[in-house]
Every structure is written in structure tokens, then in C-alpha cells.
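S.K.: mmCIF, C-alpha atoms, file target-v6.cif:
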data_my_file
loop_
_atom_site.label_atom_id
_atom_site.label_comp_id
_atom_site.auth_asym_id
_atom_site.auth_seq_id
_atom_site.Cartn_x
_atom_site.Cartn_y
_atom_site.Cartn_z
CA MET A 1 7.80 32.87 22.62
CA ASN A 2 8.16 31.30 19.17
CA ASN A 3 6.36 27.93 19.25
CA ASN A 4 8.78 26.56 16.65
CA ILE A 5 11.82 26.73 18.91
CA VAL A 6 13.07 25.36 22.20
CA PHE A 7 16.05 26.76 24.06
CA GLY A 8 18.19 26.13 27.08
CA ILE A 9 20.25 23.13 28.14
CA ASN A 10 17.50 20.91 29.54
CA ALA A 11 14.91 21.67 26.84
CA VAL A 12 17.32 21.12 23.96
CA ARG A 13 18.71 17.94 25.54
CA GLU A 14 15.17 16.61 25.71
CA ALA A 15 14.37 17.73 22.16
CA ILE A 16 17.29 15.89 20.54
CA LYS A 17 15.93 12.60 21.81
CA ASP A 18 13.71 12.77 18.71
CA VAL A 19 15.93 14.25 16.01
CA SER A 20 13.21 13.78 13.38
CA ARG A 21 11.42 16.82 14.84
CA ILE A 22 14.40 19.17 14.65
CA GLN A 23 15.32 21.33 11.69
CA LYS A 24 18.58 22.58 13.19
CA VAL A 25 20.26 23.33 16.51
CA LEU A 26 22.11 26.62 16.86
CA ILE A 27 25.04 26.41 19.28
CA GLU A 28 26.87 29.39 20.71
CA LYS A 29 30.46 29.46 19.47
CA ARG A 30 32.14 30.20 22.80
CA LEU A 31 30.91 27.67 25.31
CA LYS A 32 32.89 27.51 28.53
CA LYS A 33 30.96 25.50 31.11
CA LYS A 34 31.32 21.73 31.27
CA ASP A 35 27.58 21.05 31.04
CA THR A 36 27.26 23.18 27.90
CA LYS A 37 30.21 21.43 26.26
CA ASN A 38 28.67 18.07 27.15
CA LEU A 39 25.43 19.03 25.42
CA ARG A 40 27.35 20.31 22.41
CA ASP A 41 28.97 16.87 22.06
CA GLU A 42 25.61 15.15 22.48
CA ILE A 43 24.13 17.29 19.69
CA ILE A 44 27.01 16.48 17.34
CA ASP A 45 26.67 12.76 18.09
CA SER A 46 22.88 12.75 17.75
CA GLY A 47 22.79 13.15 13.96
CA VAL A 48 20.80 16.39 14.07
CA SER A 49 21.82 19.31 11.82
CA TYR A 50 23.67 22.02 13.73
CA SER A 51 25.61 25.27 13.34
CA PHE A 52 27.93 27.27 15.59
CA VAL A 53 26.79 30.89 15.77
CA PRO A 54 27.49 34.08 17.77
CA SER A 55 25.40 34.61 20.90
CA GLN A 56 23.69 37.59 19.24
CA LYS A 57 22.08 35.33 16.65
CA LEU A 58 20.53 33.18 19.38
CA TYR A 59 18.92 36.26 20.89
CA LYS A 60 17.15 36.86 17.57
CA TYR A 61 15.11 33.75 18.40
CA THR A 62 14.54 34.41 22.09
CA LYS A 63 15.23 37.18 24.57
CA GLU A 64 15.29 34.62 27.39
CA ASN A 65 18.41 32.95 28.79
CA HIS A 66 19.14 30.45 26.01
CA GLN A 67 22.24 29.08 27.78
CA GLY A 68 23.96 28.78 24.42
CA PHE A 69 21.42 26.58 22.61
CA VAL A 70 18.37 27.09 20.41
CA ALA A 71 16.67 24.19 18.61
CA ILE A 72 14.50 25.07 15.62
CA LEU A 73 11.65 22.64 15.15
CA GLY A 74 10.57 21.71 11.64
CA GLU A 75 7.10 21.36 10.18
CA ILE A 76 8.04 17.99 8.75
CA GLN A 77 9.56 15.02 10.54
CA PHE A 78 12.55 13.27 9.03
CA SER A 79 12.31 9.55 8.32
CA LEU A 80 14.71 6.74 9.18
CA LEU A 81 16.27 4.96 6.21
CA GLU A 82 15.77 1.58 7.86
CA ASN A 83 12.03 2.25 8.13
CA ILE A 84 11.44 3.14 4.49
CA PHE A 85 13.74 0.59 2.87
CA ASP A 86 11.76 -2.25 1.30
CA GLU A 87 13.53 -5.17 -0.38
CA THR A 88 10.25 -6.49 -1.80
CA GLN A 89 9.84 -3.70 -4.36
CA ARG A 90 11.89 -1.58 -6.75
CA GLN A 91 13.02 1.61 -5.08
CA LEU A 92 14.72 4.74 -6.31
CA PHE A 93 16.54 6.97 -3.83
CA ILE A 94 17.91 10.46 -4.41
CA LEU A 95 21.00 11.33 -2.36
CA LEU A 96 22.00 14.98 -2.19
CA ASP A 97 25.69 15.62 -1.56
CA GLY A 98 26.06 19.21 -0.37
CA VAL A 99 23.08 20.81 -2.11
CA THR A 100 22.91 24.07 -0.16
CA ASP A 101 20.32 26.27 -1.90
CA VAL A 102 16.93 25.89 -0.24
CA ARG A 103 15.02 26.59 -3.46
CA ASN A 104 16.99 23.94 -5.29
CA PHE A 105 16.25 21.57 -2.42
CA GLY A 106 12.54 22.34 -2.65
CA ALA A 107 12.51 21.95 -6.43
CA ILE A 108 14.26 18.58 -6.12
CA ILE A 109 11.66 17.46 -3.58
CA ARG A 110 8.92 18.52 -5.99
CA SER A 111 10.42 16.57 -8.91
CA ALA A 112 11.20 13.54 -6.77
CA THR A 113 7.62 13.42 -5.54
CA GLY A 114 6.12 13.91 -8.98
CA LEU A 115 8.38 11.40 -10.71
CA GLY A 116 8.07 8.59 -8.21
CA ALA A 117 11.26 8.60 -6.15
CA SER A 118 11.10 6.53 -2.97
CA ALA A 119 12.91 9.00 -0.71
CA ILE A 120 15.42 11.84 -0.56
CA ILE A 121 18.51 11.45 1.60
CA VAL A 122 20.64 14.35 2.85
CA GLY A 123 23.62 14.69 5.14
CA GLN A 124 23.59 16.13 8.64
CA THR A 125 25.86 19.06 7.77
CA GLY A 126 26.50 21.03 4.58
CA SER A 127 22.94 20.58 3.31
CA ALA A 128 20.12 23.04 2.75
CA PRO A 129 17.63 23.15 5.64
CA LEU A 130 14.13 21.85 5.18
CA ASN A 131 12.69 25.24 6.06
CA ASP A 132 9.58 27.13 4.98
CA ILE A 133 11.26 28.31 1.76
CA ALA A 134 12.19 24.77 0.74
CA ILE A 135 8.73 23.51 1.63
CA LYS A 136 7.09 26.25 -0.45
CA ALA A 137 9.38 25.50 -3.42
CA SER A 138 8.41 21.84 -3.14
CA ALA A 139 4.76 22.79 -3.85
CA GLY A 140 3.60 20.43 -1.12
CA GLY A 141 5.91 17.62 -2.19
CA ALA A 142 7.77 17.75 1.13
CA PHE A 143 4.65 16.41 2.83
CA ASN A 144 4.39 13.46 0.43
CA ILE A 145 7.83 11.89 0.23
CA PRO A 146 10.10 10.53 2.98
CA ILE A 147 13.10 12.76 3.65
CA VAL A 148 15.98 11.10 5.48
CA ARG A 149 18.82 12.86 7.26
CA VAL A 150 21.96 10.87 8.05
CA ALA A 151 25.10 11.76 10.00
CA HIS A 152 27.23 11.15 6.90
CA LEU A 153 26.04 10.51 3.35
CA LYS A 154 28.56 7.68 3.07
CA ASP A 155 26.68 5.87 5.84
CA ALA A 156 23.56 5.79 3.68
CA ILE A 157 25.54 4.65 0.65
CA PHE A 158 27.15 1.79 2.56
CA PHE A 159 23.75 0.77 3.95
CA LEU A 160 22.18 0.71 0.48
CA GLN A 161 25.12 -1.13 -1.07
CA ALA A 162 24.89 -3.76 1.66
CA HIS A 163 21.31 -4.34 0.47
CA ASN A 164 22.34 -4.64 -3.19
CA ILE A 165 21.22 -1.17 -4.24
CA LEU A 166 23.31 0.17 -7.12
CA ILE A 167 24.72 3.64 -6.42
CA LEU A 168 24.94 5.98 -9.42
CA GLY A 169 26.88 9.22 -9.19
CA CYS A 170 25.68 11.89 -11.62
CA THR A 171 28.74 13.69 -12.95
CA GLU A 172 30.05 15.12 -16.19
CA LYS A 173 33.28 13.15 -15.61
CA THR A 174 32.09 10.03 -17.42
CA ASP A 175 30.99 8.89 -20.87
CA THR A 176 27.98 6.86 -19.69
CA LEU A 177 24.76 8.64 -20.64
CA ILE A 178 21.61 8.16 -18.57
CA GLY A 179 19.83 6.69 -21.59
CA ASN A 180 22.26 3.77 -21.51
CA VAL A 181 21.62 2.94 -17.86
CA ASN A 182 19.21 0.23 -16.72
CA PHE A 183 16.73 1.97 -14.42
CA LYS A 184 14.54 -1.12 -14.14
CA GLN A 185 16.13 -2.07 -10.83
CA SER A 186 16.52 -0.60 -7.38
CA LEU A 187 18.92 2.33 -7.54
CA ALA A 188 20.24 5.30 -5.62
CA ILE A 189 21.28 8.41 -7.54
CA VAL A 190 23.75 10.86 -6.02
CA MET A 191 23.44 14.51 -7.06
CA GLY A 192 26.18 16.96 -6.12
CA ASN A 193 26.70 20.49 -4.89
CA GLU A 194 25.57 23.38 -7.11
CA HIS A 195 29.14 24.47 -7.85
CA LYS A 196 31.51 21.61 -6.99
CA GLY A 197 29.40 18.61 -7.91
CA ILE A 198 29.75 15.37 -5.96
CA SER A 199 32.59 15.38 -3.45
CA LYS A 200 35.57 13.20 -4.34
CA GLY A 201 35.12 10.88 -1.37
CA VAL A 202 31.48 10.18 -2.21
CA LEU A 203 32.12 9.90 -5.95
CA ASN A 204 34.81 7.30 -5.33
CA ILE A 205 32.43 4.93 -3.55
CA CYS A 206 29.64 5.16 -6.13
CA ASP A 207 29.26 1.92 -8.09
CA GLU A 208 28.89 3.67 -11.44
CA HIS A 209 28.99 7.20 -12.87
CA ILE A 210 26.37 8.62 -15.23
CA LYS A 211 25.84 11.89 -17.04
CA ILE A 212 23.06 13.79 -18.76
CA PRO A 213 23.38 14.76 -22.43
CA ILE A 214 24.02 18.47 -22.86
CA SER A 215 24.73 20.88 -25.70
CA ASP A 216 28.29 22.13 -26.16
CA SER A 217 26.95 25.63 -25.58
CA LEU A 218 26.28 24.83 -21.91
CA ASP A 219 28.64 23.72 -19.15
CA SER A 220 26.07 22.12 -16.86
CA TYR A 221 22.47 22.01 -15.67
CA ASN A 222 21.11 23.43 -12.45
CA VAL A 223 21.09 20.57 -9.91
CA SER A 224 17.31 20.61 -9.54
CA VAL A 225 16.88 20.43 -13.33
CA ALA A 226 19.49 17.67 -13.57
CA THR A 227 17.68 15.66 -10.89
CA ALA A 228 14.39 15.99 -12.74
CA LEU A 229 15.99 14.82 -16.00
CA VAL A 230 17.46 11.71 -14.38
CA LEU A 231 14.18 10.93 -12.65
CA TYR A 232 12.27 11.37 -15.90
CA GLU A 233 14.55 8.87 -17.63
CA ALA A 234 13.95 6.41 -14.80
CA GLN A 235 10.19 6.83 -15.12
CA ARG A 236 10.32 6.58 -18.91
CA GLN A 237 12.09 3.23 -18.75
CA ASN A 238 9.65 1.83 -16.21
CA ASN A 239 6.42 2.87 -17.96
#
Let me see the file written as C-alpha cells.

M.R.:
Amino acid sequence: MNNNIVFGINAVREAIKDVSRIQKVLIEKRLKKKDTKNLRDEIIDSGVSYSFVPSQKLYKYTKENHQGFVAILGEIQFSLLENIFDETQRQLFILLDGVTDVRNFGAIIRSATGLGASAIIVGQTGSAPLNDIAIKASAGGAFNIPIVRVAHLKDAIFFLQAHNILILGCTEKTDTLIGNVNFKQSLAIVMGNEHKGISKGVLNICDEHIKIPISDSLDSYNVSVATALVLYEAQRQNN
């Protein structure tokens, strides 16, 4: 048996008591029994990342009776935002809204670690998994920076705003360049999906919008490059 997975109703129910250990739960699409539907609802409510998949995919992880559930355990535990937030010092958070490419995720982790970010925050669904590919792309950074997973990214934004953290949405739909932003304060920077950018709902609740200078010959930067550029500007202002 793969030591990085647990399967079956009772084992998965026990595993989700500590969601920080779980990379993702795979749930069979066609659940019929009441107890399996109850566990499905518990998984959704727990805040763990999950996907609905055909039964055949579950059997790729185990040939045993999985009962419709396989939980993939991660090498790295997720952190709780409440545990890493510190009002006594300047903090800089990176929030990823729908970044789905694992290599981009890993590269962002690498830059965030190297350029002094306090933590990376991702949503429960629609985000790249923190798998072995992402960890490798992070060049070890994933082991050296808190990574927080929240049920909804808006929850994290509202929490940070309630503690007077300014939320900056990085988007080309503004005239405010990053060089004109005061990074000498506690901030959270939202970076968007590789193709669509920041979702409208999240962009609307950001306190301010910022953009990175770019030549007319280019439409945009890769999200991992864009994150590094913003983080570099933050470090430059604080050195």
C-alpha cells in the first residue's frame, strides 16, 4: 500500500480531523449510500482540498475497497492563518487566486521564500496542489515558508482587513504602478489565475489595485515572474 494515502470511510473521516496533513481528497462521483454522502459533506465542510473523480481513478491509488474515498497525504503541513499572523511586526502575505499550474506555484513559493514574504495563502478549490512537482520547483522553499489553505480566499482577505492589513490586487486594469506603492507597511498582495487574472469578486474587495510596468510589446508577465517582481519592489523599499 502507498504510505502517502489513506482510503475508506473510517480512515478518511479520521484523517480530515487534521486537514493540515492532507494534500487532497478524491471522492467518487456517484455516491449512493447515506454514510458515504455524509462523509462527502464533512469533507466539503472541513476546508480540505477535494475533487470528484470516477471510481477507476481511485483504483489507481489502491486495489482495496476504497468505499469511494482516497485521501492523499502531503509532505508538508499547511498552517493556520491565525497562528502565523503577528500584529507586532510588518508582514507581507501573498494570496493566490486560482493559480493552477504546479510549477508556477512552486516558483512563487521559491520567490516568496527568497524575498521575505511572511506566508502564501491559497483557496481550498481551484488551486494548484502542493505536490512533489510544486515542492521541487520551489527548490526547498516549501519547507521554509508557511503555506495556508482557506475554504475561500475571501475569508482570508476579510480576516486580514479586520486586522488593518491593506489588500493589493495585482492587475493590469489600473494606472497605479508598484513603484508608487508604499510597501513599508503590512500588506497582502493578491495574484491571479494564469489566464484570467484575479476573479471579479476578489478584485472588488481588494483595497487598492496595482500593476507592474511592462513594455508595449508584451501583454503580461507569467504569474510567477509577476509575483517575484512585486516582492522585489517590496524588499527594495524596505532595505

S.K.: So what do you get for atom CA of Ser127 of chain A versus atom CA of His163 of chain A, distance-wise?

M.R.: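 Atom-to-atom, atom CA of Ser127 of chain A and atom CA of His163 of chain A are spaced 25.1 Å apart.
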
S.K.: Kindly provide, as a PyMOL selection string, the polymer residues lying within 7 Å of (30.0, 12.9, -10.6), counting only C-alpha atoms and using the coordinates exactly as they appear in the file.

M.R.: chain A and resi 169-173+197-198+203+209

S.K.: Keeping C-alpha atoms for every residue in the selection just given, could you write it to a file as a PDB file, in the frame of the given file?

M.R.:
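The resulting file, selection.pdb, is shown below:
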ATOM      1  CA  GLY A 169      26.880   9.220  -9.190  1.00  0.00           C
ATOM      2  CA  CYS A 170      25.680  11.890 -11.620  1.00  0.00           C
ATOM      3  CA  THR A 171      28.740  13.690 -12.950  1.00  0.00           C
ATOM      4  CA  GLU A 172      30.050  15.120 -16.190  1.00  0.00           C
ATOM      5  CA  LYS A 173      33.280  13.150 -15.610  1.00  0.00           C
ATOM      6  CA  GLY A 197      29.400  18.610  -7.910  1.00  0.00           C
ATOM      7  CA  ILE A 198      29.750  15.370  -5.960  1.00  0.00           C
ATOM      8  CA  LEU A 203      32.120   9.900  -5.950  1.00  0.00           C
ATOM      9  CA  HIS A 209      28.990   7.200 -12.870  1.00  0.00           C
TER      10      HIS A 209
END

S.K.: Go through A:Gln56, A:Ser20, A:Gln67, A:Ser224 and flag the residue nearest Gly8 of chain A, using all atoms listed in the file for the distances.

M.R.: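 Smallest distance to Gly8 of chain A is found for A:Gln67.
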
S.K.: Between A:Asp132, A:Asp155, A:Glu28, A:Asp97, which one has atoms that come closest to Ile120 of chain A, using only C-alpha atoms?

M.R.: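 Closest to Ile120 of chain A of all the choices is A:Asp97.
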
S.K.: Padding 5 Å on every side, please: axis-aligned box over the listed atoms of segment 93-106 of chain A, centre and edge lengths to one decimal in Å, as JSON.

M.R.:
{"center_x": 19.3, "center_y": 16.8, "center_z": -2.7, "size_x": 23.5, "size_y": 29.6, "size_z": 15.1}

S.K.: Expand the PyMOL selection byres ((chain A and resi 231) around 9) into the explicit residue set it covers here, and present it as a PDB file with C-alpha atoms, in the coordinates of the input.

M.R.:
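selection03.pdb written:
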ATOM      1  CA  LEU A  92      14.720   4.740  -6.310  1.00  0.00           C
ATOM      2  CA  SER A 111      10.420  16.570  -8.910  1.00  0.00           C
ATOM      3  CA  ALA A 112      11.200  13.540  -6.770  1.00  0.00           C
ATOM      4  CA  LEU A 115       8.380  11.400 -10.710  1.00  0.00           C
ATOM      5  CA  GLY A 116       8.070   8.590  -8.210  1.00  0.00           C
ATOM      6  CA  ALA A 117      11.260   8.600  -6.150  1.00  0.00           C
ATOM      7  CA  ALA A 226      19.490  17.670 -13.570  1.00  0.00           C
ATOM      8  CA  THR A 227      17.680  15.660 -10.890  1.00  0.00           C
ATOM      9  CA  ALA A 228      14.390  15.990 -12.740  1.00  0.00           C
ATOM     10  CA  LEU A 229      15.990  14.820 -16.000  1.00  0.00           C
ATOM     11  CA  VAL A 230      17.460  11.710 -14.380  1.00  0.00           C
ATOM     12  CA  TYR A 232      12.270  11.370 -15.900  1.00  0.00           C
ATOM     13  CA  GLU A 233      14.550   8.870 -17.630  1.00  0.00           C
ATOM     14  CA  ALA A 234      13.950   6.410 -14.800  1.00  0.00           C
ATOM     15  CA  GLN A 235      10.190   6.830 -15.120  1.00  0.00           C
ATOM     16  CA  ARG A 236      10.320   6.580 -18.910  1.00  0.00           C
TER      17      ARG A 236
END

S.K.: Using the chain letters and numbering of this document, enumerate as number ranges by chain the residues selected by the PyMOL selection byres ((chain A and resi 180) around 12).

M.R.: A: 175-179, 181-184, 209-213, 230, 233-234, 237

S.K.: Using all atoms listed in the file for the distances, tell me which of A:Phe78, A:Phe93, A:Tyr50, A:Phe85 is nearest to Asp18 of chain A.

M.R.: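 Going through A:Phe78, A:Phe93, A:Tyr50, A:Phe85 one by one, the smallest distance to Asp18 of chain A is for A:Phe78.
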
S.K.: Using only C-alpha atoms, can you tell me which of A:Tyr59, A:Phe143, A:Phe52, A:Phe7 comes closest to Gly106 of chain A?

M.R.: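 Going through A:Tyr59, A:Phe143, A:Phe52, A:Phe7 one by one, the smallest distance to Gly106 of chain A is for A:Phe143.
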